[in-house]
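Novice: Hey, dropping run_17.txt in here, compact mmCIF, C-alpha atoms:
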# COMPACT_ATOMS: atom_id res chain seq x y z
CA MET A 1 10.76 23.05 53.15
CA ARG A 2 13.98 22.04 51.41
CA ARG A 3 14.34 18.98 53.62
CA ILE A 4 10.73 17.88 53.29
CA LEU A 5 10.52 18.07 49.48
CA PRO A 6 13.07 15.28 48.73
CA ILE A 7 11.46 13.02 51.31
CA PHE A 8 8.05 13.69 49.78
CA VAL A 9 9.34 12.94 46.25
CA VAL A 10 10.98 9.68 47.38
CA THR A 11 7.80 8.64 49.18
CA LEU A 12 5.74 9.37 46.08
CA ALA A 13 8.14 7.39 43.90
CA MET A 14 7.99 4.40 46.25
CA ALA A 15 4.20 4.54 46.29
CA ALA A 16 4.13 4.64 42.49
CA CYS A 17 6.47 1.65 42.28
CA GLN A 18 4.25 -0.33 44.63
CA GLY A 19 1.22 0.55 42.54
CA LEU A 20 -0.54 2.27 45.41
CA SER A 21 -1.96 -1.10 46.43
CA PRO A 22 -4.60 -1.10 49.20
CA THR A 23 -2.98 -4.14 50.85
CA PRO A 24 -0.62 -3.55 53.74
CA GLN A 25 3.11 -3.62 53.05
CA GLY A 26 3.96 -6.87 54.79
CA SER A 27 1.03 -9.04 53.71
CA GLY A 28 2.13 -9.92 50.14
CA ILE A 29 -0.17 -11.89 47.86
CA THR A 30 -1.64 -15.29 48.50
CA ALA A 31 -1.08 -18.34 46.32
CA ALA A 32 -4.64 -18.13 44.91
CA GLU A 33 -4.10 -14.52 43.89
CA ALA A 34 -0.80 -15.45 42.24
CA SER A 35 -2.37 -18.26 40.19
CA ASP A 36 -5.26 -15.98 39.14
CA ALA A 37 -2.79 -13.32 38.07
CA ALA A 38 -0.72 -15.84 36.09
CA THR A 39 -3.84 -17.19 34.34
CA THR A 40 -5.05 -13.70 33.49
CA THR A 41 -1.62 -12.71 32.14
CA ALA A 42 -1.40 -15.86 30.01
CA ALA A 43 -4.89 -15.29 28.61
CA LYS A 44 -4.07 -11.68 27.74
CA SER A 45 -0.85 -12.62 25.95
CA GLU A 46 -2.65 -15.41 24.05
CA ASN A 47 -5.36 -12.96 22.98
CA LYS A 48 -2.71 -10.53 21.76
CA THR A 49 -1.00 -13.21 19.67
CA LEU A 50 -4.35 -14.31 18.26
CA MET A 51 -5.13 -10.72 17.29
CA ARG A 52 -1.76 -10.44 15.58
CA GLY A 53 -2.21 -13.79 13.87
CA GLY A 54 0.56 -15.39 15.86
CA ALA A 55 1.43 -19.02 16.35
CA ALA A 56 -0.92 -19.49 19.31
CA SER A 57 -3.96 -19.99 17.08
CA THR A 58 -5.60 -23.39 17.35
CA THR A 59 -6.64 -23.74 13.71
CA PRO A 60 -3.81 -24.65 11.37
CA LYS A 61 -3.42 -22.35 8.41
CA PRO A 62 -2.74 -23.85 5.00
CA PRO A 63 0.55 -22.88 3.37
CA ALA A 64 0.58 -19.63 1.42
CA VAL A 65 1.10 -21.52 -1.84
CA GLU A 66 -2.31 -23.16 -1.53
CA GLN A 67 -4.00 -19.81 -0.90
CA MET A 68 -2.79 -18.24 -4.14
CA ALA A 69 -5.05 -18.26 -7.17
CA SER A 70 -4.50 -20.99 -9.71
CA GLU A 71 -4.08 -18.56 -12.59
CA PRO A 72 -1.53 -15.74 -12.63
CA VAL A 73 -3.11 -12.37 -12.04
CA GLU A 74 -2.01 -9.42 -14.16
CA PRO A 75 -1.70 -6.19 -12.17
CA PHE A 76 -3.27 -4.32 -15.08
CA ARG A 77 -5.43 -5.01 -18.10
CA THR A 78 -3.81 -6.02 -21.35
CA VAL A 79 -3.99 -3.23 -23.86
CA SER A 80 -3.59 -2.98 -27.59
CA VAL A 81 -0.71 -0.65 -28.35
CA THR A 82 -0.96 0.55 -31.94
CA ALA A 83 -0.48 3.90 -33.61
CA GLU A 84 -4.24 4.15 -34.18
CA ALA A 85 -5.03 3.41 -30.54
CA LEU A 86 -2.39 5.91 -29.48
CA ALA A 87 -3.90 8.59 -31.72
CA ALA A 88 -7.37 7.93 -30.29
CA SER A 89 -6.58 7.85 -26.59
CA LEU A 90 -3.82 7.83 -24.01
CA ILE A 91 -2.52 4.33 -23.45
CA ILE A 92 -1.81 3.76 -19.79
CA PRO A 93 -1.71 0.72 -17.52
CA LEU A 94 -5.30 0.47 -16.31
CA PRO A 95 -5.77 -1.67 -13.21
CA ALA A 96 -7.70 -4.92 -13.43
CA SER A 97 -11.44 -4.38 -13.74
CA ARG A 98 -12.05 -5.92 -10.30
CA ASP A 99 -9.93 -3.16 -8.75
CA SER A 100 -12.01 -0.42 -7.12
CA ASN A 101 -9.74 2.29 -8.54
CA ALA A 102 -10.17 1.09 -12.13
CA SER A 103 -13.28 3.12 -12.88
CA ALA A 104 -11.84 6.31 -11.36
CA LEU A 105 -8.65 6.07 -13.40
CA GLU A 106 -10.58 5.21 -16.55
CA SER A 107 -13.00 8.12 -16.19
CA GLU A 108 -10.10 10.49 -15.53
CA ARG A 109 -8.37 9.17 -18.64
CA ASP A 110 -11.51 9.87 -20.69
CA ARG A 111 -11.67 13.41 -19.31
CA ILE A 112 -7.99 13.99 -20.11
CA ASP A 113 -8.48 12.56 -23.62
CA GLN A 114 -11.19 15.16 -24.15
CA LEU A 115 -8.89 17.96 -22.94
CA ILE A 116 -6.14 16.74 -25.27
CA ALA A 117 -8.55 16.68 -28.22
CA GLU A 118 -9.62 20.25 -27.43
CA GLY A 119 -5.97 21.35 -27.26
CA GLY A 120 -6.09 22.30 -23.60
CA LEU A 121 -3.53 19.72 -22.49
CA THR A 122 -0.51 17.91 -23.91
CA ARG A 123 -0.22 14.14 -23.88
CA GLU A 124 2.73 14.36 -21.52
CA ALA A 125 0.82 16.52 -19.02
CA GLY A 126 -2.17 14.17 -19.24
CA ALA A 127 0.03 11.13 -18.62
CA LYS A 128 1.62 12.87 -15.63
CA ARG A 129 -1.81 13.64 -14.18
CA LEU A 130 -2.83 10.02 -14.55
CA TYR A 131 0.48 8.91 -13.03
CA ARG A 132 -0.11 11.09 -9.96
CA LEU A 133 -3.66 9.74 -9.62
CA ALA A 134 -2.41 6.15 -9.89
CA ALA A 135 0.32 6.81 -7.31
CA LYS A 136 -2.16 8.48 -4.96
CA ASN A 137 -4.52 5.49 -5.19
CA GLY A 138 -1.72 3.00 -4.54
CA LEU A 139 -1.69 1.46 -8.01
CA ILE A 140 2.07 1.86 -8.41
CA LYS A 141 3.40 -0.75 -6.02
CA VAL A 142 6.70 -2.06 -7.37
CA LYS A 143 9.69 -0.69 -9.26
CA PRO A 144 8.61 -2.20 -12.64
CA ASP A 145 5.33 -0.25 -12.40
CA GLU A 146 7.30 2.95 -11.83
CA VAL A 147 9.55 2.20 -14.81
CA LEU A 148 6.52 1.49 -17.01
CA TRP A 149 4.89 4.81 -16.15
CA GLN A 150 8.12 6.77 -16.66
CA THR A 151 8.63 5.15 -20.06
CA ILE A 152 5.07 6.02 -21.06
CA ILE A 153 5.49 9.64 -19.94
CA GLN A 154 8.79 9.89 -21.85
CA ALA A 155 7.18 8.47 -25.00
CA TYR A 156 4.39 11.06 -24.79
CA ARG A 157 6.94 13.83 -24.19
CA ASN A 158 8.86 12.79 -27.30
CA LEU A 159 5.63 12.55 -29.28
CA ASP A 160 4.49 16.02 -28.15
CA ASP A 161 7.89 17.47 -29.09
CA ARG A 162 7.68 15.68 -32.46
CA TYR A 163 10.90 13.78 -31.89
CA ILE A 164 9.19 10.49 -32.74
CA THR A 165 6.19 9.35 -34.76
CA LEU A 166 3.02 7.67 -33.50
CA GLU A 167 4.39 4.29 -34.62
CA ASP A 168 7.65 4.80 -32.71
CA ALA A 169 5.79 5.92 -29.57
CA ALA A 170 3.47 2.91 -29.82
CA GLY A 171 6.50 0.64 -30.17
CA ASP A 172 8.18 2.19 -27.11
CA ILE A 173 5.03 1.82 -25.02
CA ALA A 174 4.44 -1.77 -26.18
CA GLU A 175 8.03 -2.62 -25.28
CA ALA A 176 7.56 -1.06 -21.82
CA PHE A 177 4.42 -3.15 -21.25
CA GLN A 178 6.31 -6.29 -22.32
CA ARG A 179 9.20 -5.55 -19.94
CA ARG A 180 6.68 -5.04 -17.12
CA ARG A 181 5.09 -8.43 -17.80
CA GLU A 182 8.50 -10.10 -17.82
CA ALA A 183 9.49 -8.41 -14.56
CA LYS A 184 7.13 -10.62 -12.55
The structure in this file should be written as structure tokens.

Specialist:
Amino acid sequence: MRRILPIFVVTLAMAACQGLSPTPQGSGITAAEASDAATTTAAKSENKTLMRGGAASTTPKPPAVEQMASEPVEPFRTVSVTAEALAASLIIPLPASRDSNASALESERDRIDQLIAEGGLTREAGAKRLYRLAAKNGLIKVKPDEVLWQTIIQAYRNLDDRYITLEDAAGDIAEAFQRRREAK
């Protein structure tokens, strides 16, 4: 048994390397089979590059500059940052209205505003909740977005702890929005 097992394993390995082809060992493949195989392989590789958007496509693509919109697109809506607006509602970077996540974030903000008005939540905790929702929905994409949110959360923390006034918090948040716009 010990002598047969290695021979059996080697035979199996050789059969696997040959692909267990039904053709006899010495016959090989004919020229027609070789050209068919080459054509099939080339077609498969071309299909793969077309699926990936590779260079094998027959239609020329216009440069990326021509595909961009003519007007610059803000990643979020412009907001009015005043002490009155800050007293009325949390000021956060809401995504553009065409974004599918805009309504979800806006409705959550309204719900959190209601909790803050009832005294069940601090502004900082509400801003953190909205930050987590925005991060979960993929609205925080670049480092300037992250910095903007952290500045807003810090301003609300300072406001809740009464370190700063509404006017100072509004100024800090407005400055953070301005830095985000300039970071483009």

Novice: Expressed in Å to a single decimal, how great is the separation between CA of Ala117 in chain A and CA of Ser89 in chain A?

Specialist: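 CA of Ser89 in chain A lies 9.2 Å from CA of Ala117 in chain A.
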
Novice: Between A:Ala87, A:Val147, A:Leu159, A:Leu166, which residue has the minimum interatomic distance to Arg179 in chain A, considering only C-alpha atoms?

Specialist: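 Nearest candidate to Arg179 in chain A out of A:Ala87, A:Val147, A:Leu159, A:Leu166: A:Val147.
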
Novice: So what do you get for CA of Arg157 in chain A versus CA of Glu124 in chain A, distance-wise?

Specialist: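 Here the two named atoms are 5.0 Å from each other.
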
Novice: With distances taken over only C-alpha atoms, which residue among A:Glu118, A:Trp149, A:Arg123, A:Arg180 lies nearest Ala135 in chain A?

Specialist: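 The answer is A:Trp149, which sits nearest to Ala135 in chain A.
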